[in-house]
Structures are given as C-alpha cells and as structure tokens.
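Take a look at the structure set out below.
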Amino acid sequence: MSRLPRLLATTAVAALVLSGSARAYDDPAPDRVPAHHAAPADAPAAPTPESPPGPRTVSCAEGCEFVTRPAPEVAAEDVRPTEVGLRTVFDRPGHVLGASLLRGPYRGPITLRLWRDGALLAERAWTHPGRMAEIFFATPVPVEAGREYVISYYTPYGGYLTSPGYYTAPVTHGPFTAPVGAGVLHHGEGGGFPTENRGDSTYWINPEFRG
C-alpha cells in the first residue's frame, strides 16, 4: 500500500476514536467494571431495600366492622328455632355496638345477642323484614382484649343464610380474629348459647366495634 492510502486509513481510525464511535476489541466484559469507574474505597455503601411494613393497626375510634370475603350463599332449609353466631376475639379493649347481618328467606322478627363464656351480655330485638339488618344494642357493651365472645341472632323459624367451609383457617380483620370453626349454632325454642360447629360455616354476622 502506498503511503497516501495508509495515511488516510490512519486518519480515519483516529477520527472514529476521537468521536467515540469506535469500540476497542479489548473492552472489558460487561460484568467487569473498568478501574476508573470503580467506586472509591471510602464511598458509602448502597442502601439496602427497606423491610416491608408490619401489620397496620386499624383505628376503630369511630367504630369499625368485621369484613368478610364473598362466598357462595346457601339459604338453609332448616326451619327449626335456631341461634346462629360468630366466635371472635378482639385485639384491644373497647365496646361492641351491634352487628350487620345478611339474612336468608326468613324475614320475620329476630333477636341479636352477645355472649361471653355462655353468659348473655346483651340482646336487641329486630322486626324489619329487609335482607340486610344493622342492629345496635341499646347500650354499647364493653369487651376485653384477648377474650372470646360470641355474637349471634335467634330466628324462631330457621331460614338463615350460610356458607359452608368458610372458617377453615383463622380470619383477622382489624381488631377482630375469628378462629377456625368460628361459625356456631344452637337449636332450641327461644335460642341459647351457640356452640355447635357445622362444616366450618359462616352465618353472615359482622360485629361492629369501637375502641
């Protein structure tokens, strides 16, 4: 090659290098950091990801309700006098205000009740025929943290709503924890403290709490 082509070729390579568009064949592998890019020895360590926040405490100063997930509803064919209820433990002291209910085909008079260790603490009659009922006790009922309570309602002709296989594991929402087998019932004229677990069912009773 004559000197002129060699000179032109050398000039072209130099121009490419200076413009940054040429890449040397001995560049470090992608997983290697060139020495002049390495962090200085006294550089602060990269921040570590923050731990996920712990369980959030739900404020119930104005009142809150136990919320349940949707499930297939079954209208009970049972027409016997029945008390259906929910076992629950509260994570703080406070007051039970009452409960919201989702009712089955029976829409006659019912009675809402609150129990502890089999003793009746409060009750309130309800006569509205709607499918939904929100019943409040005449006076909020004080409850203790860590103790189990049962909130229930008595229906003289059965016809309640249920969903089997619901409480196969504990369910916690806000201050409420419903244990395995939380749904309970009792058959008998006038009702009574419900203790029977039938298929880990729910009877769609959502207590309301303030504390």
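FYI, nothing fancy with the structure tokens labels: chains A, B, ... in order, residues from 1 per chain, ligands from 1 as they appear.
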Requested in this report: Would you list, as a VMD selection string, the residues of stretch 57-159 of chain A that end up in strand (DSSP E or B) under DSSP run on this structure's backbone?
Outcome: chain A and resid 64 to 65 74 to 75 82 to 90 94 to 102 110 to 116 119 to 126 132 to 143 148 to 155
Report task. Considering only C-alpha atoms, return as an MDAnalysis selection string whatever protein or nucleic-acid residues lie within 9 Å of stretch 134-151 of chain A, sequence-local ones (same chain, fewer than 5 positions apart) excluded. Result -> chainID A and resid 84:101 112:118 121:126 182 184 193:194 205:210
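Shortest atom-to-atom contact with A:Leu161 among A:Pro105, A:Pro81, A:Gly188, A:Gly199: A:Pro105, counting only C-alpha atoms.
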Query raised in the report: Can you list, as a ChimeraX atom specification, every protein, DNA or RNA residue that comes within 10 Å of A:Arg80 when you count only C-alpha atoms, leaving out same-chain residues fewer than 2 positions away?
Result: /A:77-78,82-83,155-159,187-189
Query raised in the report: So what do you get for atom CA of A:Thr127 versus atom CA of A:Asn197, distance-wise?
Result: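 Rounded to one decimal, the two atoms are 27.1 Å apart.
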